[in-house]
>>> print(open('run_5.csv').read())   # CSV, C-alpha atoms and all ligand atoms
chain,number,residue,atom,x,y,z
S,1,MET,CA,68.8,219.8,130.7
S,2,ASN,CA,66.6,216.8,130.3
S,3,THR,CA,63.1,218.0,129.4
S,4,LEU,CA,61.5,215.2,131.3
S,5,GLU,CA,63.1,215.3,134.7
S,6,ALA,CA,61.2,212.2,135.6
S,7,SER,CA,60.5,208.7,134.8
S,8,THR,CA,57.8,206.5,136.3
S,9,ASP,CA,56.9,205.4,139.7
S,10,THR,CA,57.0,201.8,138.7
S,11,LYS,CA,60.1,202.1,136.5
S,12,SER,CA,62.2,199.8,138.6
S,13,GLU,CA,59.6,197.1,138.3
S,14,THR,CA,58.8,197.6,134.6
S,15,ASN,CA,60.8,196.6,131.6
S,16,ILE,CA,61.3,199.5,129.2
S,17,VAL,CA,61.1,198.1,125.6
S,18,ALA,CA,61.8,201.2,123.7
S,19,GLN,CA,63.0,204.6,124.8
S,20,ILE,CA,64.0,207.8,123.2
S,21,GLU,CA,66.2,210.2,125.0
S,22,GLY,CA,66.5,213.9,124.1
S,23,ALA,CA,65.4,213.0,120.6
S,24,SER,CA,64.9,215.7,117.9
S,25,LYS,CA,64.2,215.5,114.2
S,26,HIS,CA,64.9,218.6,112.2
S,27,PHE,CA,64.2,218.9,108.5
S,28,GLY,CA,65.9,221.5,106.3
S,29,PRO,CA,67.5,221.8,102.9
S,30,LYS,CA,70.9,220.2,102.5
S,31,ARG,CA,73.6,222.8,101.8
S,32,ASP,CA,77.0,222.2,100.3
S,33,LEU,CA,80.0,224.3,101.4
S,34,PHE,CA,79.3,227.0,98.9
S,35,GLY,CA,75.7,227.3,100.0
S,36,ARG,CA,76.7,227.6,103.6
S,37,LEU,CA,79.2,230.3,102.8
S,38,ILE,CA,76.7,232.3,100.8
S,39,GLU,CA,74.2,232.0,103.6
S,40,ARG,CA,76.7,233.4,106.1
S,41,THR,CA,77.2,236.5,104.0
S,42,GLY,CA,73.5,237.3,104.5
S,43,LEU,CA,73.0,237.7,100.7
S,44,ILE,CA,70.3,235.0,100.8
S,45,GLU,CA,67.7,234.4,103.5
S,46,GLN,CA,68.8,231.9,106.1
S,47,TYR,CA,67.4,228.5,105.5
S,48,ARG,CA,65.0,227.7,108.2
S,49,THR,CA,64.7,224.4,109.9
S,50,VAL,CA,61.5,222.6,110.7
S,51,ARG,CA,61.7,221.1,114.2
S,52,ALA,CA,59.2,218.3,113.7
S,53,VAL,CA,60.3,216.7,117.0
S,54,ASP,CA,62.1,218.8,119.5
S,55,ASN,CA,64.0,217.2,122.4
S,56,VAL,CA,61.5,214.5,123.4
S,57,ASN,CA,62.0,211.9,126.1
S,58,LEU,CA,59.6,209.0,126.0
S,59,GLU,CA,59.6,205.4,127.2
S,60,ILE,CA,57.4,202.5,126.2
S,61,ARG,CA,57.0,199.7,128.8
S,62,GLN,CA,56.7,196.0,128.1
S,63,GLY,CA,53.1,195.0,127.3
S,64,GLU,CA,51.5,198.5,127.6
S,65,VAL,CA,49.5,200.5,125.1
S,66,LEU,CA,50.9,204.0,125.0
S,67,GLY,CA,48.6,206.5,123.2
S,68,LEU,CA,50.3,209.4,121.5
S,69,VAL,CA,47.8,212.2,120.7
S,70,GLY,CA,48.0,215.6,119.0
S,71,GLU,CA,46.6,217.5,116.0
S,72,SER,CA,47.8,216.9,112.5
S,73,GLY,CA,51.2,218.3,111.9
S,74,CYS,CA,52.3,218.2,115.6
S,75,GLY,CA,55.1,215.7,114.8
S,76,LYS,CA,53.5,212.5,116.2
S,77,SER,CA,54.1,210.5,113.0
S,78,THR,CA,57.7,211.6,112.8
S,79,LEU,CA,58.1,210.6,116.4
S,80,GLY,CA,56.5,207.2,115.7
S,81,ARG,CA,58.8,206.6,112.8
S,82,MET,CA,61.8,207.5,115.0
S,83,ILE,CA,60.6,205.0,117.6
S,84,ALA,CA,60.0,202.3,114.9
S,85,GLY,CA,63.6,202.8,113.8
S,86,ILE,CA,62.6,204.1,110.3
S,87,THR,CA,63.7,207.7,110.7
S,88,PRO,CA,67.0,208.3,112.5
S,89,PRO,CA,66.9,211.2,115.0
S,90,THR,CA,68.9,214.4,114.2
S,91,HIS,CA,69.9,214.6,117.9
S,92,GLY,CA,69.4,212.2,120.8
S,93,LYS,CA,69.0,208.4,120.7
S,94,LEU,CA,66.7,205.5,120.4
S,95,LEU,CA,67.2,202.7,123.0
S,96,TRP,CA,66.0,199.2,122.4
S,97,ASN,CA,65.9,197.1,125.5
S,98,GLY,CA,68.4,199.6,127.0
S,99,ARG,CA,70.8,199.5,124.0
S,100,ASP,CA,71.5,202.4,121.7
S,101,VAL,CA,70.2,201.3,118.3
S,102,SER,CA,72.7,203.5,116.5
S,103,THR,CA,75.6,201.6,118.1
S,104,LEU,CA,74.3,198.2,117.1
S,105,THR,CA,75.7,196.4,114.1
S,106,GLY,CA,75.1,193.3,112.0
S,107,ARG,CA,72.7,190.8,113.4
S,108,ASP,CA,71.9,192.8,116.6
S,109,ARG,CA,70.8,195.8,114.5
S,110,ARG,CA,68.7,193.7,112.2
S,111,GLU,CA,67.1,192.0,115.1
S,112,ALA,CA,66.3,195.3,116.8
S,113,LYS,CA,64.7,196.7,113.7
S,114,LEU,CA,62.6,193.6,113.1
S,115,ARG,CA,61.3,193.8,116.7
S,116,MET,CA,59.8,197.3,116.0
S,117,GLN,CA,57.2,197.3,113.3
S,118,MET,CA,55.0,200.0,112.0
S,119,ILE,CA,51.4,199.8,110.8
S,120,PHE,CA,50.5,202.7,108.5
S,121,GLN,CA,47.3,204.6,108.0
S,122,ASN,CA,47.0,203.8,104.3
S,123,PRO,CA,47.7,200.1,103.9
S,124,PHE,CA,47.1,200.3,100.1
S,125,ALA,CA,50.1,202.6,99.7
S,126,SER,CA,52.4,200.3,101.7
S,127,LEU,CA,51.5,197.1,99.9
S,128,ASP,CA,53.2,196.1,96.7
S,129,PRO,CA,50.3,196.1,94.1
S,130,ARG,CA,52.0,193.4,92.0
S,131,ALA,CA,52.5,190.9,94.8
S,132,THR,CA,50.0,188.4,96.2
S,133,VAL,CA,49.0,188.5,99.9
S,134,GLU,CA,51.2,185.4,100.5
S,135,ARG,CA,54.2,187.0,98.9
S,136,ILE,CA,53.7,190.2,100.8
S,137,VAL,CA,53.5,188.5,104.1
S,138,ALA,CA,56.3,185.9,103.4
S,139,GLU,CA,58.9,188.3,102.0
S,140,ALA,CA,60.6,189.7,105.1
S,141,PRO,CA,60.5,186.5,107.2
S,142,ARG,CA,62.0,184.6,104.2
S,143,VAL,CA,64.8,187.1,103.7
S,144,HIS,CA,65.6,187.0,107.5
S,145,GLY,CA,65.5,183.2,107.6
S,146,MET,CA,62.5,183.0,109.9
S,147,ILE,CA,60.6,180.7,107.7
S,148,ALA,CA,63.5,178.3,107.4
S,149,ARG,CA,64.1,178.4,111.2
S,150,SER,CA,60.4,177.8,111.9
S,151,GLY,CA,60.5,174.3,110.2
S,152,MET,CA,57.4,175.2,108.3
S,153,ASP,CA,57.0,175.9,104.6
S,154,ALA,CA,56.1,179.4,103.4
S,155,THR,CA,52.4,178.4,102.9
S,156,ARG,CA,52.0,177.2,106.5
S,157,TYR,CA,54.0,180.0,107.9
S,158,VAL,CA,52.0,182.7,106.1
S,159,GLY,CA,48.7,180.9,107.0
S,160,ARG,CA,49.6,181.2,110.7
S,161,TYR,CA,50.0,184.9,110.5
S,162,LEU,CA,46.9,185.4,108.3
S,163,ASP,CA,45.0,183.6,111.0
S,164,PHE,CA,46.4,185.9,113.7
S,165,ALA,CA,45.3,188.8,111.6
S,166,GLY,CA,41.8,187.4,111.1
S,167,LEU,CA,42.2,186.9,107.3
S,168,PRO,CA,40.8,183.7,105.7
S,169,SER,CA,43.5,181.7,104.1
S,170,HIS,CA,41.8,181.6,100.7
S,171,LEU,CA,42.8,185.3,100.3
S,172,ARG,CA,46.4,184.4,100.1
S,173,ASN,CA,46.5,184.4,96.3
S,174,ARG,CA,44.7,187.8,96.0
S,175,TYR,CA,46.3,191.1,95.1
S,176,PRO,CA,45.8,194.2,97.2
S,177,HIS,CA,43.4,195.8,94.7
S,178,GLU,CA,41.1,192.8,95.1
S,179,LEU,CA,40.7,193.4,98.8
S,180,SER,CA,38.6,195.7,100.9
S,181,GLY,CA,40.1,198.5,103.1
S,182,GLY,CA,39.8,196.4,106.2
S,183,GLN,CA,41.3,193.3,104.6
S,184,ARG,CA,44.2,195.3,103.3
S,185,GLN,CA,44.8,196.6,106.8
S,186,ARG,CA,44.8,193.1,108.1
S,187,VAL,CA,47.4,192.1,105.4
S,188,GLY,CA,49.5,195.0,106.8
S,189,ILE,CA,49.1,193.6,110.3
S,190,ALA,CA,49.9,190.0,109.2
S,191,ARG,CA,53.0,191.3,107.4
S,192,ALA,CA,54.2,193.1,110.6
S,193,LEU,CA,53.4,190.1,112.8
S,194,ALA,CA,55.2,187.7,110.5
S,195,VAL,CA,58.6,189.1,111.6
S,196,GLN,CA,57.6,188.4,115.2
S,197,PRO,CA,57.8,191.9,116.6
S,198,ASP,CA,57.6,193.0,120.3
S,199,LEU,CA,56.4,196.5,119.5
S,200,LEU,CA,53.9,197.7,117.0
S,201,VAL,CA,53.8,201.4,116.2
S,202,CYS,CA,50.3,202.1,114.8
S,203,ASP,CA,50.2,205.4,113.0
S,204,GLU,CA,46.6,206.4,112.6
S,205,SER,CA,46.1,202.8,111.6
S,206,VAL,CA,42.3,202.8,111.7
S,207,ALA,CA,41.7,206.4,110.7
S,208,ALA,CA,41.0,205.6,107.0
S,209,LEU,CA,38.5,202.8,107.8
S,210,ASP,CA,34.7,202.8,108.2
S,211,VAL,CA,33.7,203.0,111.8
S,212,SER,CA,32.5,199.4,112.1
S,213,ILE,CA,35.8,198.2,110.5
S,214,GLN,CA,37.7,200.5,112.9
S,215,ALA,CA,36.1,198.7,115.8
S,216,GLN,CA,37.1,195.3,114.4
S,217,ILE,CA,40.7,196.3,113.8
S,218,ILE,CA,41.0,197.8,117.3
S,219,ASN,CA,39.6,194.6,118.8
S,220,LEU,CA,42.1,192.6,116.8
S,221,PHE,CA,45.0,194.8,118.2
S,222,MET,CA,43.8,194.1,121.7
S,223,ASP,CA,43.4,190.4,121.1
S,224,LEU,CA,46.9,190.2,119.7
S,225,ARG,CA,48.3,192.1,122.6
S,226,HIS,CA,47.2,189.3,124.9
S,227,GLU,CA,47.9,186.4,122.5
S,228,LEU,CA,51.4,187.5,121.5
S,229,GLY,CA,52.4,189.8,124.4
S,230,LEU,CA,52.7,192.8,122.1
S,231,THR,CA,53.4,196.3,123.2
S,232,TYR,CA,51.9,199.3,121.3
S,233,LEU,CA,52.6,202.9,120.5
S,234,PHE,CA,49.2,203.9,119.3
S,235,ILE,CA,49.3,207.3,117.4
S,236,SER,CA,46.0,209.0,116.8
S,237,HIS,CA,44.2,212.3,116.7
S,238,ASP,CA,41.1,210.5,118.0
S,239,MET,CA,40.9,210.9,121.7
S,240,GLY,CA,37.9,208.6,121.9
S,241,VAL,CA,39.9,205.7,120.4
S,242,VAL,CA,42.9,206.5,122.6
S,243,GLU,CA,40.8,206.5,125.8
S,244,HIS,CA,39.4,203.1,124.8
S,245,ILE,CA,42.6,201.2,124.3
S,246,SER,CA,45.5,203.0,126.1
S,247,ASP,CA,47.1,202.4,129.5
S,248,ARG,CA,49.1,205.7,129.4
S,249,VAL,CA,48.8,208.7,127.1
S,250,ALA,CA,51.3,211.3,125.9
S,251,ILE,CA,50.0,214.6,124.5
S,252,MET,CA,52.1,216.2,121.8
S,253,TYR,CA,52.0,219.8,120.6
S,254,LEU,CA,54.3,221.3,118.0
S,255,GLY,CA,57.1,218.8,118.3
S,256,ARG,CA,57.1,218.4,122.1
S,257,ILE,CA,55.3,216.3,124.7
S,258,VAL,CA,53.3,218.6,126.9
S,259,GLU,CA,51.6,216.1,129.2
S,260,GLN,CA,52.0,212.5,130.0
S,261,ALA,CA,50.0,210.4,132.5
S,262,GLY,CA,47.8,207.3,133.0
S,263,VAL,CA,44.7,207.2,130.8
S,264,ASN,CA,42.3,207.7,133.7
S,265,GLU,CA,44.3,210.7,134.9
S,266,ILE,CA,44.4,212.3,131.5
S,267,PHE,CA,40.7,211.8,130.8
S,268,THR,CA,39.3,212.7,134.3
S,269,ARG,CA,41.8,215.3,135.4
S,270,PRO,CA,43.7,216.8,132.5
S,271,SER,CA,46.3,219.3,133.6
S,272,HIS,CA,47.7,221.0,130.6
S,273,PRO,CA,45.4,223.6,128.9
S,274,TYR,CA,46.1,221.9,125.6
S,275,THR,CA,44.9,218.5,126.9
S,276,GLN,CA,41.8,220.2,128.3
S,277,ALA,CA,41.1,221.8,125.0
S,278,LEU,CA,41.5,218.5,123.1
S,279,LEU,CA,39.1,216.8,125.6
S,280,ALA,CA,36.5,219.6,125.1
S,281,GLU,CA,36.3,218.6,121.5
S,282,ILE,CA,35.2,215.0,122.1
S,283,PRO,CA,31.5,214.6,121.7
S,284,ARG,CA,30.1,213.0,124.8
S,285,LEU,CA,26.7,211.6,125.6
S,286,ASP,CA,27.5,210.9,129.3
S,287,PRO,CA,26.7,213.5,131.9
S,288,VAL,CA,30.3,213.9,133.1
S,289,LYS,CA,30.7,217.5,133.9
S,290,ARG,CA,33.7,218.9,132.3
S,291,HIS,CA,33.7,222.4,131.0
S,292,PHE,CA,36.8,223.1,129.0
S,293,THR,CA,37.2,225.7,126.3
S,294,ALA,CA,37.6,224.0,122.9
S,295,LEU,CA,40.7,224.7,120.8
S,296,LYS,CA,40.9,228.0,118.9
S,297,GLY,CA,43.1,229.0,116.0
S,298,GLU,CA,45.4,227.0,113.9
S,299,LEU,CA,48.5,225.0,114.9
S,300,PRO,CA,51.4,227.4,114.4
S,301,SER,CA,54.0,226.5,111.7
S,302,PRO,CA,56.9,224.4,113.1
S,303,LEU,CA,59.0,226.6,110.8
S,304,ASN,CA,58.3,229.6,113.1
S,305,PRO,CA,57.1,228.4,116.5
S,306,PRO,CA,55.9,231.0,119.0
S,307,GLN,CA,58.4,232.2,121.5
S,308,GLY,CA,58.1,230.9,125.0
S,309,CYS,CA,55.4,228.3,125.4
S,310,HIS,CA,54.5,227.2,121.9
S,311,PHE,CA,50.8,227.0,123.0
S,312,ASN,CA,50.7,230.5,124.3
S,313,PRO,CA,48.8,232.2,121.3
S,314,ARG,CA,45.9,229.7,121.8
S,315,CYS,CA,46.0,229.3,125.5
S,316,THR,CA,43.1,230.8,127.6
S,317,GLN,CA,45.3,230.9,130.7
S,318,VAL,CA,48.4,232.6,129.2
S,319,MET,CA,50.6,234.7,131.5
S,320,ASP,CA,53.4,237.1,130.7
S,321,ARG,CA,56.0,234.5,131.6
S,322,CYS,CA,54.5,232.1,129.0
S,323,ARG,CA,55.5,234.4,126.2
S,324,VAL,CA,59.2,234.3,127.0
S,325,GLU,CA,60.0,231.1,128.8
S,326,LEU,CA,59.5,227.6,127.3
S,327,PRO,CA,58.1,225.3,130.1
S,328,ILE,CA,59.9,222.0,130.5
S,329,LEU,CA,58.1,218.7,131.0
S,330,ARG,CA,58.3,217.9,134.7
S,331,ARG,CA,56.7,215.6,137.2
S,332,THR,CA,53.7,217.2,138.9
S,333,SER,CA,52.3,214.2,140.7
S,334,PRO,CA,53.0,210.5,140.8
S,335,GLY,CA,52.5,209.1,137.3
S,336,ARG,CA,52.1,212.5,135.6
S,337,ALA,CA,54.4,215.0,133.9
S,338,VAL,CA,53.3,218.4,132.5
S,339,ALA,CA,55.0,221.2,130.6
S,340,CYS,CA,53.1,224.3,131.8
S,341,HIS,CA,54.0,227.3,134.0
S,342,LEU,CA,50.7,227.0,135.8
S,343,GLU,CA,51.7,223.8,137.5
S,344,ASN,CA,52.9,224.0,141.0
S,345,LEU,CA,56.0,221.9,140.3
S,346,SER,CA,57.0,219.3,142.8
S,347,PRO,CA,60.7,218.4,143.4
S,348,LYS,CA,62.5,216.3,140.8
S,349,GLY,CA,61.7,212.6,141.1
S,350,SER,CA,60.2,209.7,139.5
S,351,LEU,CA,57.0,210.2,137.5
S,401,LIG,FE1,49.2,228.2,128.8
S,401,LIG,FE2,51.3,229.3,129.8
S,401,LIG,FE3,50.7,226.8,130.4
S,401,LIG,FE4,51.6,227.5,128.0
S,401,LIG,S1,52.8,227.6,129.9
S,401,LIG,S2,50.0,226.1,128.5
S,401,LIG,S3,50.7,229.5,127.7
S,401,LIG,S4,49.5,228.6,130.9
>>> encode(input="run_5.csv", output="structure tokens", more="lines below")
Ligand code: SF4
Amino acid sequence: MNTLEASTDTKSETNIVAQIEGASKHFGPKRDLFGRLIERTGLIEQYRTVRAVDNVNLEIRQGEVLGLVGESGCGKSTLGRMIAGITPPTHGKLLWNGRDVSTLTGRDRREAKLRMQMIFQNPFASLDPRATVERIVAEAPRVHGMIARSGMDATRYVGRYLDFAGLPSHLRNRYPHELSGGQRQRVGIARALAVQPDLLVCDESVAALDVSIQAQIINLFMDLRHELGLTYLFISHDMGVVEHISDRVAIMYLGRIVEQAGVNEIFTRPSHPYTQALLAEIPRLDPVKRHFTALKGELPSPLNPPQGCHFNPRCTQVMDRCRVELPILRRTSPGRAVACHLENLSPKGSL
């Protein structure tokens, strides 16, 4: 059964840029035939599989910022890499503008991959230390013929995207080690923009930066959204940042989406006990009265997730049913889907 028996109330009016359907990513050791036979005899312990992402359905709509939130190790980076087309799903599929990416070939496949770009947490690790800024930004568009098609030379082409990323053009001849953390992140952004993407998957893209630089980069993302019509999947463990920039939010726990709703609904009326616990951990100065119990305990290992609802060992509202039955993500009200037995589920329909 589809874990999300719902889509969105505005689905018919909204273009879906990227969508994953029933997508899972499992990691385990590769076994040859001999290894599989030995394992079946029981002479060695069965290899266990890490279900980093487990049967997730998610859609990203044209022009929106979808926040993806969860604790470290919940699978959100793996899900982001799957949506960016970097990590293929073990099961399920990635659709790009309604087309299954795994069935695309040649130019269509290259085009789809270029349209989905990822901005990483640590820009230094993702930049070639021996290449200048200009070479880093120009490399992919040159390979894919974009510079030639633009009618510009490489210097002008790169200058355009450095400008979009807020980098002064005199930095074009510098190497990554000669730049500050914020400047390196801007190089990463210029490099992604230079292949003219539609969707940016930002994986903790500001987490490693100083607070003042974080604000600058977030403002840059929002300016680019309007200037270039970009769509974002914004992955973060920081609920404050996600509240600030997102239109919708998906909450992830141990490889699954447990709640999904508009940003105001999530932050003013969180439904899932895990979402409530995450919100309780945000320091707030305003007098909004929300009394949730903060998260207790560690995230369980995805090698050995708890039976039933994966959140049950940490949930303050756990019931007997929760220990045996995994709740599915279902529509609970217009625009909201929740995976929790507490919810008085409404009939199947659009989210
Ligand atoms: Fe808590 Fe049960 Fe809901 Fe899981 S299904 S979040 S254990 S109440």
>>> residues_near_ligand(input="run_5.csv", ligand="ligand LIG 401 (chain S)", cutoff="10 Å", atoms="all atoms listed in the file", output="PyMOL selection string")
chain S and resi 258+271-275+308-328+338-343
>>> closest_atom_pairs(input="run_5.csv", of="range 150-256 of chain S", to="range 110-132 of chain S", cutoff="6 Å", atoms="all atoms listed in the file", output="CSV")
residue,atom,partner,partner_atom,distance
S:Asn173,CA,S:Thr132,CA,5.3
S:Arg174,CA,S:Thr132,CA,5.3
S:Tyr175,CA,S:Thr132,CA,4.7
S:Pro176,CA,S:Pro129,CA,5.8
S:Arg184,CA,S:Pro123,CA,6.0
S:Gln185,CA,S:Pro123,CA,5.4
S:Ala192,CA,S:Gln117,CA,5.8
S:Pro197,CA,S:Arg115,CA,4.0
S:Asp198,CA,S:Arg115,CA,5.2
S:Leu199,CA,S:Met116,CA,4.9
S:Leu200,CA,S:Gln117,CA,5.0
S:Val201,CA,S:Met118,CA,4.6
S:Cys202,CA,S:Ile119,CA,4.7
S:Asp203,CA,S:Phe120,CA,5.3
S:Glu204,CA,S:Gln121,CA,5.0
S:Ser205,CA,S:Gln121,CA,4.2
>>> residues_around(input="run_5.csv", residues="range 239-254 of chain S", least_positions_apart="3", cutoff="7 Å", atoms="only C-alpha atoms", output="NGL selection string")
:S and (64-70 or 74-76 or 257-263 or 275 or 282 or 302)
>>> atom_distance(input="run_5.csv", atom1="CA of Phe234 in chain S", atom2="CA of Gly80 in chain S")
8.8 Å
>>> atom_distance(input="run_5.csv", atom1="CA of Arg81 in chain S", atom2="CA of Asn304 in chain S")
23.0 Å
>>> residues_around(input="run_5.csv", residues="Met82 in chain S", least_positions_apart="2", cutoff="10 Å", atoms="only C-alpha atoms", output="list in words")
Ile20, Ala23, Ser24, Lys25, Val53, Lys76, Ser77, Thr78, Leu79, Gly80, Ala84, Gly85, Ile86, Thr87, Pro88, Pro89, Thr90, Lys93 and Leu94 of chain S
>>> axis_aligned_box(input="run_5.csv", around="range 330-346 of chain S", padding_each_side="3 Å", output="AutoDock Vina command-line options")
--center_x 54.5 --center_y 218.2 --center_z 136.7 --size_x 13.6 --size_y 24.2 --size_z 18.2
>>> atom_distance(input="run_5.csv", atom1="CA of His237 in chain S", atom2="CA of Ser333 in chain S")
25.4 Å
>>> closest_residue(input="run_5.csv", among="S:Val101, S:Ile213, S:Val56, S:Arg61", to="Gly229 in chain S", atoms="all atoms listed in the file")
S:Arg61
>>> closest_residue(input="run_5.csv", among="S:Gln276, S:Gln196, S:Asn97, S:Ser169", to="Asn15 in chain S", atoms="all atoms listed in the file")
S:Asn97
>>> closest_residue(input="run_5.csv", among="S:Glu59, S:Leu299, S:Ala337, S:Thr105", to="Glu265 in chain S", atoms="all atoms listed in the file")
S:Ala337
>>> build_atoms(input="run_5.csv", residues="range 59-67 of chain S", atoms="all heavy atoms", output="short mmCIF file (atom, residue, chain, number, x, y, z; two decimals), in the coordinates of the input")
data_model
loop_
_atom_site.label_atom_id
_atom_site.label_comp_id
_atom_site.auth_asym_id
_atom_site.auth_seq_id
_atom_site.Cartn_x
_atom_site.Cartn_y
_atom_site.Cartn_z
N GLU S 59 59.31 206.80 127.07
CA GLU S 59 59.60 205.40 127.20
C GLU S 59 58.35 204.57 127.03
O GLU S 59 57.25 205.03 127.36
CB GLU S 59 60.23 205.12 128.60
CG GLU S 59 59.30 205.49 129.74
CD GLU S 59 59.97 205.41 131.09
OE1 GLU S 59 61.17 205.72 131.20
OE2 GLU S 59 59.26 205.06 132.05
N ILE S 60 58.53 203.39 126.47
CA ILE S 60 57.40 202.50 126.20
C ILE S 60 57.68 201.21 126.99
O ILE S 60 58.73 200.57 126.80
CB ILE S 60 57.21 202.23 124.74
CG1 ILE S 60 57.09 203.56 123.99
CG2 ILE S 60 55.97 201.37 124.50
CD1 ILE S 60 57.07 203.43 122.49
N ARG S 61 56.74 200.84 127.87
CA ARG S 61 57.00 199.70 128.80
C ARG S 61 56.39 198.42 128.20
O ARG S 61 55.36 198.44 127.53
CB ARG S 61 56.32 200.00 130.12
CG ARG S 61 56.75 201.31 130.71
CD ARG S 61 55.86 201.65 131.87
NE ARG S 61 56.09 203.01 132.31
CZ ARG S 61 55.28 203.66 133.12
NH1 ARG S 61 54.19 203.08 133.58
NH2 ARG S 61 55.56 204.89 133.48
N GLN S 62 57.05 197.37 128.55
CA GLN S 62 56.70 196.00 128.10
C GLN S 62 55.15 195.80 128.31
O GLN S 62 54.64 195.96 129.42
CB GLN S 62 57.44 195.01 128.90
CG GLN S 62 57.06 193.58 128.68
CD GLN S 62 57.92 192.96 127.61
OE1 GLN S 62 59.12 193.05 127.66
NE2 GLN S 62 57.28 192.34 126.66
N GLY S 63 54.45 195.45 127.23
CA GLY S 63 53.10 195.00 127.30
C GLY S 63 52.03 196.14 127.41
O GLY S 63 50.83 195.87 127.41
N GLU S 64 52.46 197.38 127.43
CA GLU S 64 51.50 198.50 127.60
C GLU S 64 51.01 198.97 126.19
O GLU S 64 51.62 198.70 125.15
CB GLU S 64 52.06 199.63 128.35
CG GLU S 64 53.02 200.51 127.58
CD GLU S 64 53.38 201.81 128.33
OE1 GLU S 64 52.72 202.14 129.33
OE2 GLU S 64 54.33 202.47 127.89
N VAL S 65 49.92 199.74 126.23
CA VAL S 65 49.50 200.50 125.10
C VAL S 65 49.72 201.99 125.46
O VAL S 65 49.06 202.49 126.38
CB VAL S 65 48.03 200.30 124.69
CG1 VAL S 65 47.65 201.17 123.49
CG2 VAL S 65 47.77 198.83 124.38
N LEU S 66 50.65 202.62 124.80
CA LEU S 66 50.90 204.00 125.00
C LEU S 66 50.24 204.82 123.90
O LEU S 66 50.59 204.64 122.73
CB LEU S 66 52.40 204.34 125.08
CG LEU S 66 52.79 205.82 125.20
CD1 LEU S 66 52.28 206.43 126.50
CD2 LEU S 66 54.30 206.00 125.10
N GLY S 67 49.27 205.65 124.23
CA GLY S 67 48.60 206.50 123.20
C GLY S 67 49.40 207.75 123.02
O GLY S 67 49.86 208.35 123.99
#
